[in-house]
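Asker: This is upload_21.tsv (TSV, C-alpha atoms and all ligand atoms).
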chain	number	residue	atom	x	y	z
A	1363	MET	CA	10.44	-2.19	27.89
A	1364	LYS	CA	9.24	-4.43	25.07
A	1365	ASN	CA	8.87	-8.20	25.37
A	1366	ILE	CA	9.34	-10.05	22.10
A	1367	LEU	CA	8.58	-13.72	21.53
A	1368	ILE	CA	10.72	-15.35	18.85
A	1369	LEU	CA	9.14	-18.48	17.38
A	1370	GLY	CA	11.58	-20.58	15.36
A	1371	ALA	CA	14.42	-18.87	17.21
A	1372	GLY	CA	16.94	-21.44	15.99
A	1373	GLY	CA	16.08	-20.72	12.35
A	1374	SER	CA	18.49	-19.22	9.85
A	1375	LEU	CA	16.63	-15.91	9.68
A	1376	ALA	CA	15.94	-15.64	13.41
A	1377	LYS	CA	19.68	-15.95	14.06
A	1378	GLN	CA	20.12	-12.65	12.21
A	1379	VAL	CA	17.01	-11.05	13.70
A	1380	ILE	CA	17.92	-11.76	17.34
A	1381	PRO	CA	21.10	-9.58	17.44
A	1382	VAL	CA	19.28	-6.72	15.70
A	1383	LEU	CA	16.54	-6.79	18.34
A	1384	LEU	CA	19.02	-7.14	21.22
A	1385	ALA	CA	20.83	-4.00	20.04
A	1386	ASN	CA	17.96	-2.09	21.68
A	1387	PRO	CA	18.44	-2.32	25.47
A	1388	GLU	CA	14.66	-1.96	25.97
A	1389	HIS	CA	14.05	-5.31	24.29
A	1390	HIS	CA	13.62	-8.55	26.23
A	1391	LEU	CA	13.48	-11.70	24.12
A	1392	THR	CA	11.86	-15.05	24.73
A	1393	LEU	CA	13.39	-17.61	22.39
A	1394	PHE	CA	10.89	-20.43	21.83
A	1395	VAL	CA	12.64	-23.53	20.50
A	1396	ARG	CA	12.25	-27.28	20.42
A	1397	ASN	CA	15.87	-27.67	21.48
A	1398	ALA	CA	17.51	-25.08	23.75
A	1399	ALA	CA	20.99	-25.97	22.48
A	1400	SER	CA	20.15	-24.34	19.14
A	1401	VAL	CA	20.15	-20.84	20.69
A	1402	ARG	CA	22.84	-21.24	23.37
A	1403	PRO	CA	25.07	-18.51	21.83
A	1404	PHE	CA	22.34	-15.92	22.56
A	1405	ALA	CA	22.19	-16.55	26.30
A	1406	GLY	CA	22.13	-13.30	28.25
A	1407	GLU	CA	20.26	-11.34	30.86
A	1408	ARG	CA	17.64	-10.03	28.41
A	1409	VAL	CA	17.15	-13.46	26.83
A	1410	ARG	CA	14.91	-16.21	28.15
A	1411	VAL	CA	14.85	-19.59	26.44
A	1412	VAL	CA	11.66	-21.65	26.51
A	1413	GLU	CA	11.54	-25.17	25.12
A	1414	GLY	CA	8.28	-26.00	23.38
A	1415	ASP	CA	6.47	-26.88	20.20
A	1416	VAL	CA	4.38	-24.36	18.25
A	1417	LEU	CA	1.96	-27.19	17.48
A	1418	ASN	CA	1.38	-27.61	21.24
A	1419	ALA	CA	-1.30	-25.01	22.00
A	1420	ALA	CA	-0.79	-25.04	25.77
A	1421	GLN	CA	2.99	-24.56	25.54
A	1422	LEU	CA	2.54	-21.77	23.02
A	1423	SER	CA	-0.11	-19.96	25.06
A	1424	ALA	CA	2.08	-20.10	28.17
A	1425	ALA	CA	4.99	-18.54	26.27
A	1426	MET	CA	2.71	-15.80	24.95
A	1427	GLN	CA	1.96	-14.36	28.40
A	1428	GLY	CA	3.23	-10.80	28.81
A	1429	GLN	CA	4.57	-10.49	25.26
A	1430	HIS	CA	4.20	-7.30	23.20
A	1431	VAL	CA	5.43	-8.56	19.82
A	1432	VAL	CA	5.58	-12.03	18.25
A	1433	TYR	CA	8.03	-12.93	15.46
A	1434	ALA	CA	7.27	-16.20	13.65
A	1435	GLY	CA	9.92	-17.56	11.29
A	1436	LEU	CA	8.86	-21.19	11.09
A	1437	SER	CA	8.95	-24.14	8.74
A	1438	GLY	CA	6.70	-27.21	8.66
A	1439	ASN	CA	2.93	-27.34	9.00
A	1440	LEU	CA	2.53	-23.58	8.68
A	1441	LYS	CA	-1.27	-23.53	8.53
A	1442	ALA	CA	-1.66	-25.36	11.85
A	1443	MET	CA	1.12	-23.22	13.33
A	1444	ALA	CA	-0.59	-20.00	12.19
A	1445	GLN	CA	-3.89	-21.19	13.68
A	1446	ASN	CA	-2.20	-21.92	17.02
A	1447	ILE	CA	-0.38	-18.58	17.00
A	1448	VAL	CA	-3.55	-16.58	16.28
A	1449	GLN	CA	-5.43	-18.45	19.01
A	1450	ALA	CA	-2.65	-18.12	21.61
A	1451	MET	CA	-2.29	-14.40	20.87
A	1452	LYS	CA	-6.03	-13.94	21.27
A	1453	GLU	CA	-6.01	-15.81	24.59
A	1454	ASN	CA	-3.24	-13.57	25.91
A	1455	SER	CA	-4.39	-10.25	24.34
A	1456	VAL	CA	-1.19	-9.96	22.30
A	1457	LYS	CA	-1.82	-8.04	19.06
A	1458	ARG	CA	1.43	-7.53	17.13
A	1459	LEU	CA	2.60	-10.37	14.87
A	1460	ILE	CA	5.41	-10.42	12.31
A	1461	PHE	CA	4.96	-13.61	10.28
A	1462	ILE	CA	7.54	-14.77	7.72
A	1463	SER	CA	5.91	-16.10	4.57
A	1464	SER	CA	7.35	-16.26	1.05
A	1465	MET	CA	7.33	-14.41	-2.24
A	1466	GLY	CA	4.90	-15.80	-4.77
A	1467	ILE	CA	1.89	-16.64	-2.60
A	1468	TYR	CA	-0.45	-14.39	-4.61
A	1469	GLY	CA	1.17	-15.10	-8.01
A	1470	GLU	CA	2.84	-11.69	-7.69
A	1471	THR	CA	6.20	-12.91	-9.05
A	1472	GLY	CA	4.58	-13.95	-12.34
A	1473	GLU	CA	6.13	-17.44	-11.90
A	1474	ASP	CA	4.40	-20.72	-11.14
A	1475	HIS	CA	5.99	-21.93	-7.90
A	1476	GLY	CA	3.53	-24.85	-7.72
A	1477	ALA	CA	2.31	-26.69	-4.65
A	1478	VAL	CA	5.43	-25.86	-2.66
A	1479	LEU	CA	3.87	-22.53	-1.67
A	1480	GLU	CA	0.57	-24.03	-0.48
A	1481	PRO	CA	1.51	-23.99	3.26
A	1482	TYR	CA	2.59	-20.36	2.87
A	1483	ARG	CA	-0.69	-19.42	1.15
A	1484	GLN	CA	-2.82	-21.21	3.71
A	1485	SER	CA	-0.97	-19.77	6.70
A	1486	ALA	CA	-1.07	-16.29	5.17
A	1487	GLN	CA	-4.85	-16.59	4.88
A	1488	VAL	CA	-5.12	-17.54	8.55
A	1489	VAL	CA	-3.04	-14.53	9.55
A	1490	GLU	CA	-4.82	-12.09	7.21
A	1491	GLN	CA	-8.25	-13.24	8.39
A	1492	SER	CA	-7.31	-12.66	12.04
A	1493	ASP	CA	-7.91	-9.35	13.77
A	1494	LEU	CA	-4.25	-9.11	14.79
A	1495	ASP	CA	-1.90	-6.23	14.01
A	1496	PHE	CA	0.02	-8.48	11.65
A	1497	THR	CA	2.75	-7.87	9.13
A	1498	LEU	CA	3.18	-10.71	6.65
A	1499	LEU	CA	6.64	-10.59	5.14
A	1500	ARG	CA	7.15	-12.15	1.71
A	1501	PRO	CA	10.91	-12.41	1.21
A	1502	ALA	CA	12.72	-13.45	-1.94
A	1503	TRP	CA	15.40	-16.18	-1.75
A	1504	PHE	CA	17.64	-15.61	1.26
A	1505	THR	CA	21.35	-14.92	0.85
A	1506	ASN	CA	24.11	-14.59	3.45
A	1507	ASP	CA	25.44	-11.40	1.88
A	1508	ALA	CA	26.69	-8.92	4.47
A	1509	GLU	CA	24.69	-6.06	3.00
A	1510	VAL	CA	21.50	-4.19	3.80
A	1511	ASP	CA	19.93	-3.52	0.42
A	1512	TYR	CA	16.23	-4.04	-0.16
A	1513	GLU	CA	13.05	-2.63	-1.59
A	1514	LEU	CA	9.52	-3.31	-0.48
A	1515	THR	CA	6.43	-4.15	-2.52
A	1516	TYR	CA	2.90	-4.24	-1.21
A	1517	LYS	CA	0.01	-6.64	-1.75
A	1518	GLY	CA	-1.51	-6.10	-5.18
A	1519	GLU	CA	1.81	-4.95	-6.67
A	1520	ALA	CA	4.14	-7.04	-8.86
A	1521	PHE	CA	7.06	-8.47	-6.85
A	1522	LYS	CA	10.46	-6.97	-7.67
A	1523	GLY	CA	13.75	-8.89	-7.29
A	1524	HIS	CA	14.76	-12.53	-6.76
A	1525	SER	CA	16.92	-12.60	-3.65
A	1526	VAL	CA	17.55	-10.68	-0.45
A	1527	SER	CA	20.10	-10.95	2.33
A	1528	ARG	CA	19.02	-12.26	5.71
A	1529	LYS	CA	20.70	-9.14	7.08
A	1530	SER	CA	18.29	-6.97	5.05
A	1531	ILE	CA	15.21	-8.79	6.29
A	1532	ALA	CA	16.50	-8.53	9.86
A	1533	ASP	CA	17.03	-4.80	9.37
A	1534	PHE	CA	13.43	-4.31	8.28
A	1535	ILE	CA	12.11	-6.48	11.11
A	1536	GLY	CA	14.04	-4.24	13.52
A	1537	LYS	CA	12.22	-1.25	12.04
A	1538	LEU	CA	8.84	-2.99	12.28
A	1539	VAL	CA	9.43	-3.67	15.98
A	1540	GLN	CA	10.70	-0.15	16.61
A	1541	ASN	CA	7.94	1.74	14.79
A	1542	GLU	CA	4.59	0.59	16.12
A	1543	THR	CA	2.60	1.98	13.18
A	1544	LEU	CA	4.80	0.54	10.41
A	1545	GLY	CA	3.43	-2.32	8.32
A	1546	ILE	CA	0.29	-2.89	10.37
A	1547	ARG	CA	-2.15	-5.30	8.65
A	1548	GLN	CA	0.04	-5.33	5.56
A	1549	SER	CA	1.55	-8.06	3.42
A	1550	ILE	CA	4.94	-6.83	2.27
A	1551	GLY	CA	7.37	-8.25	-0.27
A	1552	ILE	CA	11.07	-7.72	0.40
A	1553	ALA	CA	13.92	-8.19	-2.09
A	1554	LYS	CA	17.03	-6.62	-3.53
A	1555	VAL	CA	16.21	-4.92	-6.82
T	1601	LIG	N1	15.45	-19.79	2.51
T	1601	LIG	C1	14.85	-18.97	1.65
T	1601	LIG	O1	15.39	-18.57	0.63
T	1601	LIG	C2	13.44	-18.51	1.97
T	1601	LIG	C3	12.83	-17.58	1.14
T	1601	LIG	C4	11.55	-17.11	1.46
T	1601	LIG	C5	10.90	-17.60	2.59
T	1601	LIG	N2	11.52	-18.52	3.38
T	1601	LIG	C6	10.80	-18.99	4.58
T	1601	LIG	O2	11.10	-18.16	5.67
T	1601	LIG	C7	10.84	-18.88	6.88
T	1601	LIG	C8	12.01	-18.72	7.83
T	1601	LIG	O3	13.18	-19.22	7.20
T	1601	LIG	P1	14.40	-19.82	8.02
T	1601	LIG	O4	15.49	-20.05	7.04
T	1601	LIG	O5	14.65	-19.01	9.24
T	1601	LIG	O6	13.77	-21.23	8.43
T	1601	LIG	P2	14.52	-22.44	9.17
T	1601	LIG	O7	15.98	-22.19	9.29
T	1601	LIG	O8	14.03	-23.70	8.53
T	1601	LIG	O9	13.93	-22.32	10.64
T	1601	LIG	C9	12.63	-22.67	10.94
T	1601	LIG	C10	12.56	-22.90	12.43
T	1601	LIG	O10	11.24	-23.35	12.74
T	1601	LIG	C11	11.38	-24.22	13.83
T	1601	LIG	N3	10.23	-25.10	13.95
T	1601	LIG	C12	9.73	-25.94	13.01
T	1601	LIG	N4	8.68	-26.60	13.51
T	1601	LIG	C13	8.52	-26.17	14.79
T	1601	LIG	C14	7.61	-26.47	15.82
T	1601	LIG	N5	6.62	-27.36	15.62
T	1601	LIG	N6	7.74	-25.85	17.02
T	1601	LIG	C15	8.72	-24.95	17.22
T	1601	LIG	N7	9.63	-24.60	16.28
T	1601	LIG	C16	9.52	-25.22	15.09
T	1601	LIG	C17	12.63	-25.02	13.54
T	1601	LIG	O11	13.08	-25.54	14.75
T	1601	LIG	P3	14.06	-26.79	14.86
T	1601	LIG	O12	15.42	-26.13	14.88
T	1601	LIG	O13	13.68	-27.41	16.15
T	1601	LIG	O14	13.82	-27.65	13.67
T	1601	LIG	C18	13.54	-23.96	12.95
T	1601	LIG	O15	14.37	-23.39	13.91
T	1601	LIG	C19	10.60	-20.33	6.46
T	1601	LIG	O16	9.21	-20.57	6.41
T	1601	LIG	C20	11.20	-20.36	5.06
T	1601	LIG	O17	10.63	-21.38	4.25
T	1601	LIG	C21	12.77	-18.96	3.11
Using structure tokens, write down the structure from this file.

Answerer:
Amino acid sequence: MKNILILGAGGSLAKQVIPVLLANPEHHLTLFVRNAASVRPFAGERVRVVEGDVLNAAQLSAAMQGQHVVYAGLSGNLKAMAQNIVQAMKENSVKRLIFISSMGIYGETGEDHGAVLEPYRQSAQVVEQSDLDFTLLRPAWFTNDAEVDYELTYKGEAFKGHSVSRKSIADFIGKLVQNETLGIRQSIGIAKV
């Protein structure tokens, strides 16, 4: 049995990730949301819904108890969120984190994305400086295409591609959860090439 905490469970990417993870009957999900109504369609016996705020350290730490894997697909004050996540995982001896960031945080796309990426850069630094078994995912622009078609690039390599389907990212996240040695302490770009 694997317990997986989904932070930002009402998000557009999480909504594709949740069914992929539930396809494995060993997986038990905790959906952490500010508003339970946003994940009502996923109600089921292997799904627990917890209302809380990632910026509330006590609520986050309580949700972290007994988890094996944490998925974070969040928007907002990402640096403060990353700090709270790292701290709550430490407090609860949870090691495995899959954190959704963005393409471009290292200048690897060759484009100047400007200040808009600053929260992604800062939160990535917090995650990379932790001693967690993290995977930072740097996706290209999301699409709703019903295809699984992606290539990966690693930190230090030039980013390839401009967009990627949510379905593709969810597919790779399913693999990361399944294979406990895949992507550990790596920052991985994902896009259709
Ligand atoms: N869209 C793209 O093309 C693209 C490309 C690359 C990277 N990204 C990034 O990938 C990440 C995931 O994307 P997404 O589309 O799934 O994001 P999203 O739809 O904006 O979802 C983010 C989720 O975070 C939750 N959240 C925000 N603040 C919170 C807090 N304080 N406590 C608890 N939950 C909180 C939101 O909850 P509420 O529902 O309560 O607001 C929302 O469900 C984002 O950082 C996004 O910027 C996106």

Asker: For ligand LIG 1601 (chain T), return the neighbouring residues as a PyMOL selection string (distance at most 6 Å; only C-alpha atoms and all ligand atoms).

Answerer: chain A and resi 1370-1376+1395-1397+1415-1417+1435-1438+1462-1464+1501-1504

Asker: Using only C-alpha atoms, find each residue in region 1382-1479 of chain A having at least one atom no more than 9 Å away from region 1527-1547 of chain A; report its shortest atom-to-atom pair and that distance in Å (one decimal), rows by chain then rising number, as a Markdown table.

Answerer:
| residue | atom | partner | partner_atom | distance |
| --- | --- | --- | --- | --- |
| A:Val1382 | CA | A:Gly1536 | CA | 6.2 |
| A:Leu1383 | CA | A:Gly1536 | CA | 6.0 |
| A:Val1431 | CA | A:Val1539 | CA | 7.4 |
| A:Tyr1433 | CA | A:Ile1535 | CA | 8.8 |
| A:Arg1458 | CA | A:Ile1546 | CA | 8.3 |
| A:Ile1460 | CA | A:Ile1535 | CA | 7.9 |

Asker: Neighbouring residues of region 1401-1412 of chain A were defined as those with any atom within 9 Å, considering all atoms listed in the file; residues of the same chain fewer than 5 positions away were excluded. Please report them as an mmCIF file with C-alpha atoms, in the coordinates of the input.

Answerer:
data_model
loop_
_atom_site.group_PDB
_atom_site.id
_atom_site.type_symbol
_atom_site.label_atom_id
_atom_site.label_comp_id
_atom_site.auth_asym_id
_atom_site.auth_seq_id
_atom_site.Cartn_x
_atom_site.Cartn_y
_atom_site.Cartn_z
ATOM 1 C CA ALA A 1371 14.420 -18.870 17.210
ATOM 2 C CA GLY A 1372 16.940 -21.440 15.990
ATOM 3 C CA LYS A 1377 19.680 -15.950 14.060
ATOM 4 C CA ILE A 1380 17.920 -11.760 17.340
ATOM 5 C CA PRO A 1381 21.100 -9.580 17.440
ATOM 6 C CA LEU A 1384 19.020 -7.140 21.220
ATOM 7 C CA PRO A 1387 18.440 -2.320 25.470
ATOM 8 C CA GLU A 1388 14.660 -1.960 25.970
ATOM 9 C CA HIS A 1389 14.050 -5.310 24.290
ATOM 10 C CA HIS A 1390 13.620 -8.550 26.230
ATOM 11 C CA LEU A 1391 13.480 -11.700 24.120
ATOM 12 C CA THR A 1392 11.860 -15.050 24.730
ATOM 13 C CA LEU A 1393 13.390 -17.610 22.390
ATOM 14 C CA PHE A 1394 10.890 -20.430 21.830
ATOM 15 C CA VAL A 1395 12.640 -23.530 20.500
ATOM 16 C CA ARG A 1396 12.250 -27.280 20.420
ATOM 17 C CA ALA A 1425 4.990 -18.540 26.270
#

Asker: Please report the interatomic distance between CA of Ser1549 (chain A) and CA of Leu1498 (chain A) in Å with one decimal.

Answerer: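 Between CA of Ser1549 (chain A) and CA of Leu1498 (chain A) the gap works out to 4.5 Å.
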
Asker: List as number ranges by chain the residues having at least one atom at most 12 Å from position (-4.1, -11.8, 21.8) as given in the file, counting all atoms listed in the file.

Answerer: A: 1423, 1426-1432, 1446-1459, 1492-1496

Asker: I need the residue nearest Val1555 (chain A) from this list: A:Pro1481, A:Gly1523, A:Gly1414, A:Gly1518. Use all atoms listed in the file for the distance.

Answerer: A:Gly1523

Asker: Using CA of Phe1521 (chain A) and CA of Leu1499 (chain A) as the two end points, give the distance in Å to one decimal.

Answerer: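 Calculated distance between CA of Phe1521 (chain A) and CA of Leu1499 (chain A) is 12.2 Å.
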
Asker: Rank nothing, just name the residue among A:Lys1517, A:Arg1483, A:Lys1364, A:Lys1522 nearest to Leu1440 (chain A), using only C-alpha atoms.

Answerer: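 Answer, going by the shortest atom-to-atom distance: A:Arg1483.
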
Asker: Would you work out the distance separating CA of Leu1514 (chain A) from CA of Ala1553 (chain A), expressed in Å to one decimal?

Answerer: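 We find that CA of Leu1514 (chain A) and CA of Ala1553 (chain A) lie 6.8 Å from each other.
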
Asker: Between A:Ala1419, A:Ala1508, A:Ala1477, A:Ala1399, which one has atoms that come closest to Gln1378 (chain A), using all atoms listed in the file?

Answerer: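 Nearest to Gln1378 (chain A): A:Ala1508.
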
Asker: I need the residue nearest Val1478 (chain A) from this list: A:Asn1418, A:Ile1550, A:Met1465, A:Val1379. Use only C-alpha atoms for the distance.

Answerer: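 With only C-alpha atoms as the atom set, the closest residue is A:Met1465.
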